[in-house]
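Below is protein.csv, which holds CSV, C-alpha atoms and all ligand atoms.
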chain,number,residue,atom,x,y,z
A,1,MET,CA,13.6,26.9,-11.2
A,2,PRO,CA,14.7,29.9,-13.3
A,3,ALA,CA,16.9,32.3,-11.4
A,4,THR,CA,15.8,35.8,-10.5
A,5,ALA,CA,18.0,38.3,-8.5
A,6,PRO,CA,17.6,37.4,-4.8
A,7,SER,CA,16.3,40.8,-3.8
A,8,LEU,CA,13.4,40.7,-6.2
A,9,ALA,CA,9.8,39.7,-5.5
A,10,VAL,CA,7.8,37.9,-8.2
A,11,PHE,CA,4.0,37.3,-8.7
A,12,ALA,CA,2.8,35.0,-11.5
A,13,ALA,CA,-0.8,34.1,-12.5
A,14,PRO,CA,-2.8,32.7,-15.4
A,15,GLY,CA,-4.0,35.2,-18.0
A,16,ARG,CA,-7.7,34.5,-17.2
A,17,TYR,CA,-9.7,32.5,-14.7
A,18,VAL,CA,-13.3,31.5,-15.3
A,19,GLN,CA,-15.4,29.6,-12.8
A,20,GLY,CA,-19.0,28.6,-12.3
A,21,ARG,CA,-21.8,26.2,-13.1
A,22,GLY,CA,-21.8,25.3,-16.8
A,23,ALA,CA,-18.4,27.1,-17.4
A,24,ILE,CA,-17.3,24.3,-19.7
A,25,GLU,CA,-20.0,25.4,-22.2
A,26,THR,CA,-17.8,28.5,-22.8
A,27,LEU,CA,-14.7,26.5,-23.9
A,28,GLY,CA,-15.4,27.4,-27.5
A,29,SER,CA,-15.6,31.1,-26.9
A,30,GLU,CA,-12.5,31.1,-24.7
A,31,LEU,CA,-10.6,29.5,-27.5
A,32,GLU,CA,-12.0,32.0,-30.0
A,33,ARG,CA,-10.7,34.8,-27.7
A,34,LEU,CA,-7.3,33.1,-28.1
A,35,LYS,CA,-7.8,33.1,-31.9
A,36,ALA,CA,-7.5,29.2,-31.9
A,37,SER,CA,-9.5,27.4,-34.6
A,38,LYS,CA,-7.8,24.0,-34.4
A,39,PRO,CA,-7.5,23.2,-30.7
A,40,LEU,CA,-6.2,19.8,-29.5
A,41,VAL,CA,-8.0,18.7,-26.4
A,42,LEU,CA,-6.2,16.2,-24.1
A,43,LEU,CA,-9.1,14.5,-22.5
A,44,ASP,CA,-9.0,12.2,-19.5
A,45,PRO,CA,-11.1,9.2,-20.6
A,46,ALA,CA,-12.5,9.0,-17.0
A,47,VAL,CA,-14.5,12.2,-17.6
A,48,ARG,CA,-15.6,11.6,-21.2
A,49,ASP,CA,-19.1,10.7,-20.2
A,50,ILE,CA,-19.4,13.9,-18.2
A,51,VAL,CA,-17.8,16.5,-20.4
A,52,GLY,CA,-17.4,14.7,-23.8
A,53,GLU,CA,-20.4,16.4,-25.4
A,54,ALA,CA,-19.2,19.9,-24.4
A,55,VAL,CA,-15.7,19.1,-25.8
A,56,ASP,CA,-17.0,17.7,-29.1
A,57,ALA,CA,-19.1,20.9,-29.6
A,58,VAL,CA,-15.9,23.1,-29.8
A,59,PRO,CA,-15.4,24.1,-33.4
A,60,GLY,CA,-12.4,22.5,-35.1
A,61,VAL,CA,-11.6,20.3,-32.1
A,62,VAL,CA,-9.2,17.3,-32.2
A,63,VAL,CA,-9.5,15.1,-29.2
A,64,ALA,CA,-6.6,13.0,-27.9
A,65,GLU,CA,-7.1,10.6,-25.0
A,66,PHE,CA,-4.8,11.0,-22.1
A,67,GLY,CA,-2.7,7.9,-21.3
A,68,GLY,CA,-2.8,8.4,-17.5
A,69,GLU,CA,0.8,9.5,-16.7
A,70,CYS,CA,2.7,12.8,-17.2
A,71,SER,CA,5.8,11.0,-18.5
A,72,PRO,CA,8.3,11.9,-21.1
A,73,GLY,CA,6.8,9.3,-23.5
A,74,GLU,CA,3.3,10.6,-23.0
A,75,ILE,CA,4.4,14.2,-23.5
A,76,ASP,CA,6.2,13.2,-26.8
A,77,ARG,CA,3.1,11.3,-28.0
A,78,ILE,CA,0.8,14.2,-27.4
A,79,ALA,CA,3.3,16.7,-29.0
A,80,ALA,CA,3.3,14.5,-32.1
A,81,HIS,CA,-0.5,14.7,-32.2
A,82,VAL,CA,-0.3,18.5,-32.0
A,83,SER,CA,2.1,18.7,-35.0
A,84,GLU,CA,0.3,16.1,-37.0
A,85,HIS,CA,-2.9,18.0,-36.8
A,86,SER,CA,-1.3,21.5,-36.9
A,87,ALA,CA,-3.2,22.3,-33.7
A,88,ASP,CA,-3.1,26.0,-32.7
A,89,ALA,CA,-3.9,25.6,-29.0
A,90,VAL,CA,-3.7,22.9,-26.3
A,91,VAL,CA,-6.5,22.2,-23.8
A,92,ALA,CA,-6.3,19.8,-20.8
A,93,VAL,CA,-9.6,18.4,-19.5
A,94,GLY,CA,-9.1,16.2,-16.5
A,95,GLY,CA,-6.9,16.0,-13.3
A,96,GLY,CA,-3.4,17.2,-12.4
A,97,LYS,CA,-1.4,14.8,-14.5
A,98,ALA,CA,-3.4,15.6,-17.7
A,99,MET,CA,-2.9,19.3,-17.0
A,100,ASP,CA,0.9,18.9,-16.4
A,101,THR,CA,1.2,17.0,-19.7
A,102,ALA,CA,-0.7,19.7,-21.6
A,103,LYS,CA,1.6,22.3,-20.1
A,104,ALA,CA,4.7,20.3,-21.2
A,105,VAL,CA,3.3,20.1,-24.8
A,106,ALA,CA,1.9,23.7,-25.2
A,107,HIS,CA,4.7,25.7,-23.7
A,108,PRO,CA,7.7,24.4,-25.7
A,109,ALA,CA,5.5,24.7,-28.9
A,110,GLU,CA,4.5,28.3,-27.8
A,111,LEU,CA,0.8,27.5,-28.2
A,112,PRO,CA,-2.0,29.0,-26.1
A,113,LEU,CA,-3.0,26.7,-23.2
A,114,VAL,CA,-6.4,26.3,-21.6
A,115,ILE,CA,-6.7,24.2,-18.4
A,116,VAL,CA,-10.1,22.7,-17.5
A,117,PRO,CA,-9.8,20.9,-14.2
A,118,THR,CA,-12.6,18.3,-13.6
A,119,ILE,CA,-11.7,17.9,-9.9
A,120,ALA,CA,-10.5,20.4,-7.2
A,121,SER,CA,-7.9,18.2,-5.6
A,122,THR,CA,-4.8,20.1,-6.2
A,123,ASP,CA,-3.5,23.6,-7.0
A,124,ALA,CA,-1.8,22.5,-10.2
A,125,PRO,CA,-4.2,24.2,-12.7
A,126,THR,CA,-2.9,27.8,-12.5
A,127,SER,CA,0.8,27.2,-12.2
A,128,ALA,CA,3.7,27.2,-14.7
A,129,VAL,CA,5.1,23.9,-13.4
A,130,SER,CA,4.8,20.3,-14.6
A,131,VAL,CA,5.6,17.4,-12.4
A,132,VAL,CA,7.0,14.6,-14.6
A,133,TYR,CA,7.0,10.9,-13.6
A,134,ASP,CA,8.4,7.8,-15.3
A,135,ASP,CA,5.9,5.3,-16.8
A,136,ASP,CA,5.7,3.5,-13.4
A,137,GLY,CA,4.7,6.7,-11.6
A,138,ALA,CA,8.0,7.4,-9.9
A,139,PHE,CA,8.9,11.1,-9.6
A,140,LEU,CA,11.4,12.2,-12.3
A,141,GLU,CA,11.6,16.0,-12.3
A,142,TYR,CA,9.9,19.4,-12.2
A,143,ARG,CA,9.7,21.3,-15.5
A,144,PHE,CA,9.3,25.1,-15.1
A,145,TRP,CA,7.7,27.1,-17.9
A,146,ALA,CA,8.1,30.7,-18.9
A,147,ARG,CA,4.4,31.4,-18.5
A,148,ASN,CA,1.2,30.3,-16.7
A,149,PRO,CA,-1.8,29.0,-18.6
A,150,HIS,CA,-3.6,31.5,-20.8
A,151,CYS,CA,-7.0,30.4,-19.3
A,152,VAL,CA,-8.2,28.2,-16.5
A,153,LEU,CA,-11.8,27.2,-16.8
A,154,VAL,CA,-13.5,25.6,-13.8
A,155,ASP,CA,-17.0,24.1,-14.1
A,156,THR,CA,-18.3,23.8,-10.6
A,157,GLN,CA,-21.1,21.5,-11.7
A,158,VAL,CA,-18.5,19.0,-12.9
A,159,ILE,CA,-16.5,19.4,-9.7
A,160,ALA,CA,-19.7,18.8,-7.6
A,161,GLY,CA,-20.2,15.5,-9.5
A,162,ALA,CA,-16.8,14.1,-8.7
A,163,PRO,CA,-16.1,11.9,-5.7
A,164,VAL,CA,-16.0,14.0,-2.5
A,165,ARG,CA,-12.5,12.8,-1.6
A,166,PHE,CA,-11.0,14.9,-4.4
A,167,LEU,CA,-12.5,18.1,-2.9
A,168,VAL,CA,-11.4,17.1,0.6
A,169,ALA,CA,-7.8,16.4,-0.6
A,170,GLY,CA,-7.8,19.8,-2.2
A,171,ILE,CA,-8.8,21.4,1.1
A,172,GLY,CA,-5.8,19.6,2.7
A,173,ASP,CA,-3.4,21.0,0.1
A,174,GLY,CA,-5.0,24.5,0.4
A,175,LEU,CA,-4.6,24.3,4.2
A,176,SER,CA,-0.8,24.5,3.8
A,177,THR,CA,-0.7,27.5,1.5
A,178,PHE,CA,-1.0,30.3,4.1
A,179,PHE,CA,1.4,28.8,6.7
A,180,GLU,CA,4.0,28.0,4.1
A,181,ALA,CA,3.8,31.4,2.4
A,182,ASP,CA,3.9,33.1,5.8
A,183,ALA,CA,7.1,31.2,6.7
A,184,SER,CA,8.7,31.9,3.3
A,185,SER,CA,7.9,35.6,3.5
A,186,THR,CA,9.9,35.9,6.8
A,187,THR,CA,13.0,34.4,5.1
A,188,ARG,CA,12.2,36.0,1.7
A,189,ALA,CA,12.8,32.6,0.2
A,190,ALA,CA,12.3,32.4,-3.6
A,191,ALA,CA,9.0,30.7,-4.4
A,192,MET,CA,8.3,28.6,-7.5
A,193,ALA,CA,7.6,31.8,-9.4
A,194,GLY,CA,11.3,32.7,-9.0
A,195,GLY,CA,11.4,35.4,-6.4
A,196,ALA,CA,10.3,36.4,-2.9
A,197,PRO,CA,6.6,36.7,-2.0
A,198,LEU,CA,4.7,40.0,-2.6
A,199,GLN,CA,1.9,41.1,-0.2
A,200,ALA,CA,-0.5,39.9,-3.0
A,201,ALA,CA,0.5,36.3,-2.6
A,202,LEU,CA,0.3,36.4,1.2
A,203,THR,CA,-3.1,38.1,1.1
A,204,LEU,CA,-4.5,35.5,-1.3
A,205,ALA,CA,-3.0,32.7,0.8
A,206,ARG,CA,-4.6,34.1,4.0
A,207,LEU,CA,-8.0,34.4,2.1
A,208,CYS,CA,-7.5,30.7,1.1
A,209,TYR,CA,-7.1,29.7,4.7
A,210,ASP,CA,-10.0,31.8,6.0
A,211,THR,CA,-12.3,30.5,3.2
A,212,LEU,CA,-11.5,26.9,4.0
A,213,LEU,CA,-12.3,27.5,7.7
A,214,ALA,CA,-15.6,29.3,6.9
A,215,ASP,CA,-16.9,27.1,4.1
A,216,GLY,CA,-15.0,23.8,4.1
A,217,VAL,CA,-17.6,21.8,5.8
A,218,ALA,CA,-20.5,23.2,3.8
A,219,ALA,CA,-18.6,22.6,0.6
A,220,ARG,CA,-18.0,18.9,1.5
A,221,GLN,CA,-21.7,18.5,2.2
A,222,ALA,CA,-22.5,20.1,-1.2
A,223,VAL,CA,-20.3,17.6,-3.1
A,224,GLU,CA,-21.8,14.7,-1.0
A,225,ARG,CA,-25.2,15.8,-2.4
A,226,LYS,CA,-23.7,16.7,-5.9
A,227,VAL,CA,-25.0,20.2,-5.6
A,228,VAL,CA,-23.5,23.6,-6.4
A,229,THR,CA,-23.8,26.2,-3.6
A,230,PRO,CA,-22.0,29.5,-2.9
A,231,ALA,CA,-19.9,27.8,-0.2
A,232,LEU,CA,-18.7,25.2,-2.8
A,233,GLU,CA,-18.0,28.0,-5.3
A,234,ARG,CA,-15.8,29.7,-2.7
A,235,VAL,CA,-13.9,26.5,-1.7
A,236,VAL,CA,-13.3,25.6,-5.3
A,237,GLU,CA,-11.9,29.1,-5.8
A,238,ALA,CA,-9.7,28.6,-2.6
A,239,ASN,CA,-8.5,25.1,-3.6
A,240,THR,CA,-7.8,26.1,-7.2
A,241,LEU,CA,-7.1,29.8,-7.7
A,242,LEU,CA,-6.1,31.1,-4.2
A,243,SER,CA,-4.0,28.1,-3.3
A,244,GLY,CA,-2.5,28.0,-6.7
A,245,LEU,CA,-1.4,31.7,-6.7
A,246,GLY,CA,-0.5,31.5,-3.0
A,247,PHE,CA,1.9,28.6,-3.4
A,248,GLU,CA,3.5,29.5,-6.7
A,249,SER,CA,4.3,33.1,-5.7
A,250,GLY,CA,4.1,32.8,-1.9
A,251,GLY,CA,6.4,29.8,-1.4
A,252,LEU,CA,6.3,26.3,0.2
A,253,ALA,CA,7.9,25.3,3.5
A,254,ALA,CA,7.7,22.4,6.0
A,255,ALA,CA,4.3,20.9,5.2
A,256,HIS,CA,5.2,19.9,1.7
A,257,SER,CA,8.7,18.7,2.8
A,258,ILE,CA,7.1,16.4,5.4
A,259,HIS,CA,4.7,15.2,2.7
A,260,ASN,CA,7.7,14.4,0.5
A,261,GLY,CA,9.3,12.6,3.4
A,262,LEU,CA,6.1,10.5,4.0
A,263,THR,CA,6.2,9.3,0.4
A,264,ALA,CA,9.4,7.3,1.5
A,265,LEU,CA,6.9,5.0,3.3
A,266,HIS,CA,5.2,2.6,0.9
A,267,GLU,CA,2.2,2.4,3.2
A,268,THR,CA,1.3,6.1,2.5
A,269,HIS,CA,1.1,5.5,-1.3
A,270,ASP,CA,-2.7,4.9,-1.2
A,271,PHE,CA,-3.2,8.3,0.3
A,272,TRP,CA,-3.4,11.4,-1.8
A,273,HIS,CA,-1.1,14.4,-2.0
A,274,GLY,CA,-3.5,16.8,-0.1
A,275,GLU,CA,-4.2,14.2,2.6
A,276,LYS,CA,-0.5,13.8,3.4
A,277,VAL,CA,0.0,17.5,3.2
A,278,ALA,CA,-2.7,18.1,5.8
A,279,PHE,CA,-0.9,15.9,8.3
A,280,GLY,CA,2.3,17.8,7.3
A,281,VAL,CA,0.6,21.1,8.2
A,282,VAL,CA,-0.1,20.0,11.7
A,283,ALA,CA,3.5,18.7,12.1
A,284,MET,CA,4.8,22.0,10.7
A,285,LEU,CA,2.7,24.1,13.2
A,286,LEU,CA,4.1,22.1,16.1
A,287,LEU,CA,7.6,22.4,14.7
A,288,GLU,CA,7.2,26.1,14.6
A,289,GLY,CA,5.7,26.2,18.1
A,290,ARG,CA,2.5,28.0,16.9
A,291,PRO,CA,-0.1,28.8,19.6
A,292,THR,CA,-2.4,25.9,20.6
A,293,ALA,CA,-5.5,27.9,19.4
A,294,VAL,CA,-4.0,27.8,15.8
A,295,VAL,CA,-3.2,24.1,16.0
A,296,ASP,CA,-6.7,23.3,17.4
A,297,GLU,CA,-8.3,25.4,14.5
A,298,VAL,CA,-6.4,23.4,11.9
A,299,VAL,CA,-6.9,20.0,13.5
A,300,ASP,CA,-10.6,20.7,14.0
A,301,LEU,CA,-11.1,21.6,10.3
A,302,CYS,CA,-9.3,18.4,9.3
A,303,LEU,CA,-11.6,16.3,11.6
A,304,ASP,CA,-14.7,18.2,10.3
A,305,VAL,CA,-14.0,17.6,6.6
A,306,GLY,CA,-12.4,14.1,7.0
A,307,LEU,CA,-8.7,14.8,6.5
A,308,PRO,CA,-5.9,12.8,8.3
A,309,VAL,CA,-4.8,14.0,11.7
A,310,THR,CA,-2.7,11.0,12.9
A,311,LEU,CA,0.0,8.8,11.3
A,312,GLY,CA,-2.5,5.9,11.4
A,313,ASP,CA,-4.8,8.0,9.2
A,314,VAL,CA,-2.2,8.0,6.4
A,315,GLY,CA,-1.5,4.3,6.9
A,316,VAL,CA,1.6,4.6,9.1
A,317,ASP,CA,2.3,2.6,12.3
A,318,PRO,CA,4.2,5.1,14.5
A,319,GLU,CA,5.9,2.3,16.4
A,320,GLY,CA,7.1,0.3,13.4
A,321,ALA,CA,7.7,3.0,10.7
A,322,ASP,CA,11.2,4.4,9.9
A,323,LEU,CA,10.3,8.0,10.7
A,324,ARG,CA,14.0,8.9,10.7
A,325,ALA,CA,14.0,8.1,6.9
A,326,VAL,CA,10.9,10.3,6.5
A,327,ALA,CA,12.7,13.2,8.4
A,328,ASP,CA,15.9,12.7,6.4
A,329,LEU,CA,14.1,13.0,3.2
A,330,ALA,CA,12.1,16.0,4.4
A,331,CYS,CA,15.4,17.8,5.4
A,332,ALA,CA,17.2,16.9,2.1
A,333,GLU,CA,19.2,19.7,0.5
A,334,GLY,CA,16.9,21.9,-1.5
A,335,GLU,CA,13.8,20.9,0.4
A,336,THR,CA,11.4,23.8,1.1
A,337,ILE,CA,11.5,23.0,4.9
A,338,HIS,CA,14.7,25.1,4.9
A,339,ASN,CA,12.5,28.2,4.1
A,340,LEU,CA,11.6,28.2,7.8
A,341,PRO,CA,13.3,31.1,9.7
A,342,PHE,CA,15.3,28.7,11.8
A,343,ALA,CA,17.6,25.7,11.2
A,344,VAL,CA,15.7,22.4,11.0
A,345,THR,CA,17.3,19.0,11.8
A,346,PRO,CA,15.8,15.5,11.1
A,347,GLU,CA,15.5,15.0,14.9
A,348,MET,CA,13.2,18.1,15.2
A,349,VAL,CA,11.1,16.7,12.3
A,350,VAL,CA,10.7,13.2,13.9
A,351,ASP,CA,9.6,14.9,17.1
A,352,ALA,CA,7.2,17.2,15.3
A,353,ILE,CA,5.6,14.2,13.4
A,354,LEU,CA,5.2,12.2,16.7
A,355,ALA,CA,3.8,15.3,18.4
A,356,ALA,CA,1.3,15.9,15.6
A,357,ASP,CA,0.2,12.2,15.8
A,358,ALA,CA,-0.3,12.6,19.6
A,359,TYR,CA,-2.2,15.9,19.1
A,360,GLY,CA,-4.5,14.4,16.5
A,361,HIS,CA,-5.3,11.3,18.7
A,362,GLU,CA,-6.1,13.5,21.7
A,363,ARG,CA,-8.2,16.0,19.8
A,364,ARG,CA,-10.2,13.2,18.1
A,365,THR,CA,-10.8,11.5,21.4
A,366,LEU,CA,-11.9,14.7,23.1
A,367,ARG,CA,-14.4,15.5,20.4
A,368,GLU,CA,-15.7,11.9,20.4
A,369,ARG,CA,-16.2,12.1,24.2
A,370,SER,CA,-18.0,15.5,24.0
A,371,ARG,CA,-20.3,14.5,21.1
A,372,PRO,CA,-22.9,12.3,22.9
A,373,LEU,CA,-23.6,14.9,25.6
A,374,PRO,CA,-27.3,16.1,25.3
A,375,ALA,CA,-27.9,19.8,25.0
A,376,VAL,CA,-28.7,21.4,28.4
A,377,ALA,CA,-32.1,23.1,28.5
A,378,SER,CA,-32.0,26.6,29.9
B,1,ZN,ZN,0.6,20.7,-2.7

Show me the file's structure as structure tokens.
Ligand SMILES: [Zn+2]
Amino acid sequence: MPATAPSLAVFAAPGRYVQGRGAIETLGSELERLKASKPLVLLDPAVRDIVGEAVDAVPGVVVAEFGGECSPGEIDRIAAHVSEHSADAVVAVGGGKAMDTAKAVAHPAELPLVIVPTIASTDAPTSAVSVVYDDDGAFLEYRFWARNPHCVLVDTQVIAGAPVRFLVAGIGDGLSTFFEADASSTTRAAAMAGGAPLQAALTLARLCYDTLLADGVAARQAVERKVVTPALERVVEANTLLSGLGFESGGLAAAHSIHNGLTALHETHDFWHGEKVAFGVVAMLLLEGRPTAVVDEVVDLCLDVGLPVTLGDVGVDPEGADLRAVADLACAEGETIHNLPFAVTPEMVVDAILAADAYGHERRTLRERSRPLPAVAS
């Protein structure tokens, strides 16, 4: 991460954010605004049938198919396309890995960058960070860029057409934003943007959390029916813009470190980032000793939208798994868990994980027991 003087606070954001039904139809005019006449679009082949026509309609467009991994080789391959065609802008259309590849091509070449997320599963679209993997998908490094995308264009009709698990995972990732920014603000830890959080980041993070509580269930229902509603619009904004700005300038803490720790267990690899982060949020709240009412609120939302609340929900057997290895990784030097306002040890993390698992089991059982009761007539 680029260094900023420790006393300074920093807020970073994309130049422009556009969201709504049919937003992708404005890709051409957004590129015109950036004075781009030969844009290279990095297109995820999985969404060609859905957005291919809108992409092909952009004047002067050159389309490159995304290979599937944000790896050094793929970044070099797309960069070669850009120079071969003398492209004057880079556009990513797809998921987080396509976006991160486009960032890693556009920024070193100092070209305008437009991000068109076709799912709302992560808060990657607005940020100035690429997560780079090797060709087998193992994590290699973070690459930090000097600026955020010039434009983020989110078509909610496209998001509504994607499988619901993407939106739900995005809610899990968004659930962490407020609690992690809140912790980071007490210690004035430097966020990804390179400085301590401003009130702006905290306020957006809080709005993200409140939006997910208010509209999370209705948004899930909308995507199940593939319809666009105001509740879906607000949750897409929360998952993408509010969570993106909130984490980048507000800071991460224990939930993401516990997520990183869980990736040590092979059995969690079938579960998505936001799903593991959601379990990490509950463990973080118990590690911090937050009031029961807050933990109940988070666990209930997870149960309502279909996010994991127990170790079993992320494929882990609490008896057999090496939770100490998870905790050691979560507490590694440089991990954001150390942004908490107290010293954290691996023992504390193991206990918080087991406590979260117990909490999730009990809350689920309580709700299942109460469900069949008939309404009492008055
Ligand atoms: Zn995340």

For CA of Thr186 in chain A and CA of Ala124 in chain A, determine how far apart the two atoms are, in Å to one decimal place.
->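 Going from CA of Thr186 in chain A over to CA of Ala124 in chain A, I get 24.6 Å.
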
Name the residues in contact with Phe144 in chain A at a cut-off of 10 Å, using all atoms listed in the file, excluding same-chain residues fewer than 6 positions from it; report them as a list in words.
-> Met1, Pro2, Lys103, Ala104, His107, Ser127, Ala128, Val129, Ser130, Val131, Met192, Ala193 and Gly194 of chain A

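Closest approach to Thr229 in chain A from the set A:Thr118, A:Thr263, A:Thr292, A:Thr156 is made by A:Thr156, with distances taken over all atoms listed in the file.
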
So, counting all atoms listed in the file, which residue among A:Trp272, A:Tyr133, A:Tyr17, A:Phe139 is closest to ligand ZN 1 (chain B)?
->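 Of A:Trp272, A:Tyr133, A:Tyr17, A:Phe139, the one nearest ligand ZN 1 (chain B) is A:Trp272, counting all atoms listed in the file.
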
What is the CA of Ala191 in chain A to CA of Thr101 in chain A distance in Å?
->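 Value for the CA of Ala191 in chain A-CA of Thr101 in chain A distance: 22.0 Å.
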
May I ask you to write as a VMD selection string all residues lying at most 8 Å from ligand ZN 1 (chain B), with all atoms listed in the file counted?
-> chain A and resid 122 to 123 173 to 174 176 256 273 to 274 277

C-alpha atoms of the current selection, written as a PDB file, keeping the file's coordinate frame:
ATOM      1  CA  THR A 122      -4.800  20.100  -6.200  1.00  0.00           C
ATOM      2  CA  ASP A 123      -3.500  23.600  -7.000  1.00  0.00           C
ATOM      3  CA  ASP A 173      -3.400  21.000   0.100  1.00  0.00           C
ATOM      4  CA  GLY A 174      -5.000  24.500   0.400  1.00  0.00           C
ATOM      5  CA  SER A 176      -0.800  24.500   3.800  1.00  0.00           C
ATOM      6  CA  HIS A 256       5.200  19.900   1.700  1.00  0.00           C
ATOM      7  CA  HIS A 273      -1.100  14.400  -2.000  1.00  0.00           C
ATOM      8  CA  GLY A 274      -3.500  16.800  -0.100  1.00  0.00           C
ATOM      9  CA  VAL A 277       0.000  17.500   3.200  1.00  0.00           C
TER      10      VAL A 277
END

Atomic distance CA of Ser184 in chain A - CA of Leu207 in chain A, expressed in Å with one decimal =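 It comes out at 16.9 Å.
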
Just the residues within 8 Å of Leu212 in chain A, please, counting only C-alpha atoms, with nothing from its chain fewer than 4 positions along; format it as an mmCIF file with C-alpha atoms, in the coordinates of the input.
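Saved to around10.cif:
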data_model
loop_
_atom_site.group_PDB
_atom_site.id
_atom_site.type_symbol
_atom_site.label_atom_id
_atom_site.label_comp_id
_atom_site.auth_asym_id
_atom_site.auth_seq_id
_atom_site.Cartn_x
_atom_site.Cartn_y
_atom_site.Cartn_z
ATOM 1 C CA ILE A 171 -8.800 21.400 1.100
ATOM 2 C CA GLY A 174 -5.000 24.500 0.400
ATOM 3 C CA LEU A 175 -4.600 24.300 4.200
ATOM 4 C CA CYS A 208 -7.500 30.700 1.100
ATOM 5 C CA GLY A 216 -15.000 23.800 4.100
ATOM 6 C CA VAL A 235 -13.900 26.500 -1.700
ATOM 7 C CA ALA A 238 -9.700 28.600 -2.600
#

Who sits within 12 Å of Arg234 in chain A, only C-alpha atoms, same chain under 2 positions skipped, as a PyMOL selection string = chain A and resi 19-20+120+156+171+207-220+222+228-232+236-243

Counting only C-alpha atoms, the option among A:Pro197, A:Pro39, A:Pro149, A:Gly251 closest to Ala9 in chain A | A:Pro197

Pick out the residues sitting within 7 Å of Phe247 in chain A, and hand them over as a list in words; count only C-alpha atoms, and ignore anything fewer than 5 positions along from it in its own chain.
->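 Contacts, in chain order: Thr177, Ala181 and Leu252 of chain A.
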
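In terms of minimum interatomic distance to Val132 in chain A, A:Ser71 ranks closest within A:Ser86, A:Ser185, A:Ser71, A:Thr336, counting all atoms listed in the file.
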
Near-Leu111 in chain A list (8 Å; only C-alpha atoms; drop same-chain fewer than 3 positions) as a PyMOL selection string = chain A and resi 88-90+106-108

Using all atoms listed in the file: which of A:Leu307, A:Val326, A:Val168, A:Ile337 has the shortest distance to Ile353 in chain A |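 Of A:Leu307, A:Val326, A:Val168, A:Ile337, the one nearest Ile353 in chain A, counting all atoms listed in the file, is A:Val326.
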
Mind filling out range 308-320 of chain A with N, CA and C atoms and sending it as an mmCIF file, in the coordinates of the input?
data_model
loop_
_atom_site.group_PDB
_atom_site.id
_atom_site.type_symbol
_atom_site.label_atom_id
_atom_site.label_comp_id
_atom_site.auth_asym_id
_atom_site.auth_seq_id
_atom_site.Cartn_x
_atom_site.Cartn_y
_atom_site.Cartn_z
ATOM 1 N N PRO A 308 -6.739 13.484 7.306
ATOM 2 C CA PRO A 308 -5.900 12.800 8.300
ATOM 3 C C PRO A 308 -5.413 13.714 9.395
ATOM 4 N N VAL A 309 -5.401 13.242 10.633
ATOM 5 C CA VAL A 309 -4.800 14.000 11.700
ATOM 6 C C VAL A 309 -3.763 13.135 12.507
ATOM 7 N N THR A 310 -3.685 11.842 12.170
ATOM 8 C CA THR A 310 -2.700 11.000 12.900
ATOM 9 C C THR A 310 -1.918 10.201 11.803
ATOM 10 N N LEU A 311 -0.799 9.618 12.250
ATOM 11 C CA LEU A 311 0.000 8.800 11.300
ATOM 12 C C LEU A 311 -0.846 7.611 10.845
ATOM 13 N N GLY A 312 -1.639 7.030 11.749
ATOM 14 C CA GLY A 312 -2.500 5.900 11.400
ATOM 15 C C GLY A 312 -3.453 6.307 10.241
ATOM 16 N N ASP A 313 -3.890 7.563 10.233
ATOM 17 C CA ASP A 313 -4.800 8.000 9.200
ATOM 18 C C ASP A 313 -4.185 8.036 7.803
ATOM 19 N N VAL A 314 -2.836 8.066 7.743
ATOM 20 C CA VAL A 314 -2.200 8.000 6.400
ATOM 21 C C VAL A 314 -1.441 6.624 6.299
ATOM 22 N N GLY A 315 -1.930 5.638 7.059
ATOM 23 C CA GLY A 315 -1.500 4.300 6.900
ATOM 24 C C GLY A 315 -0.179 3.909 7.615
ATOM 25 N N VAL A 316 0.323 4.830 8.471
ATOM 26 C CA VAL A 316 1.600 4.600 9.100
ATOM 27 C C VAL A 316 1.510 4.166 10.530
ATOM 28 N N ASP A 317 2.259 3.099 10.890
ATOM 29 C CA ASP A 317 2.300 2.600 12.300
ATOM 30 C C ASP A 317 3.453 3.418 12.968
ATOM 31 N N PRO A 318 3.126 4.300 13.937
ATOM 32 C CA PRO A 318 4.200 5.100 14.500
ATOM 33 C C PRO A 318 5.267 4.334 15.240
ATOM 34 N N GLU A 319 4.933 3.130 15.680
ATOM 35 C CA GLU A 319 5.900 2.300 16.400
ATOM 36 C C GLU A 319 6.902 1.656 15.366
ATOM 37 N N GLY A 320 6.334 1.135 14.275
ATOM 38 C CA GLY A 320 7.100 0.300 13.400
ATOM 39 C C GLY A 320 7.783 1.101 12.221
#
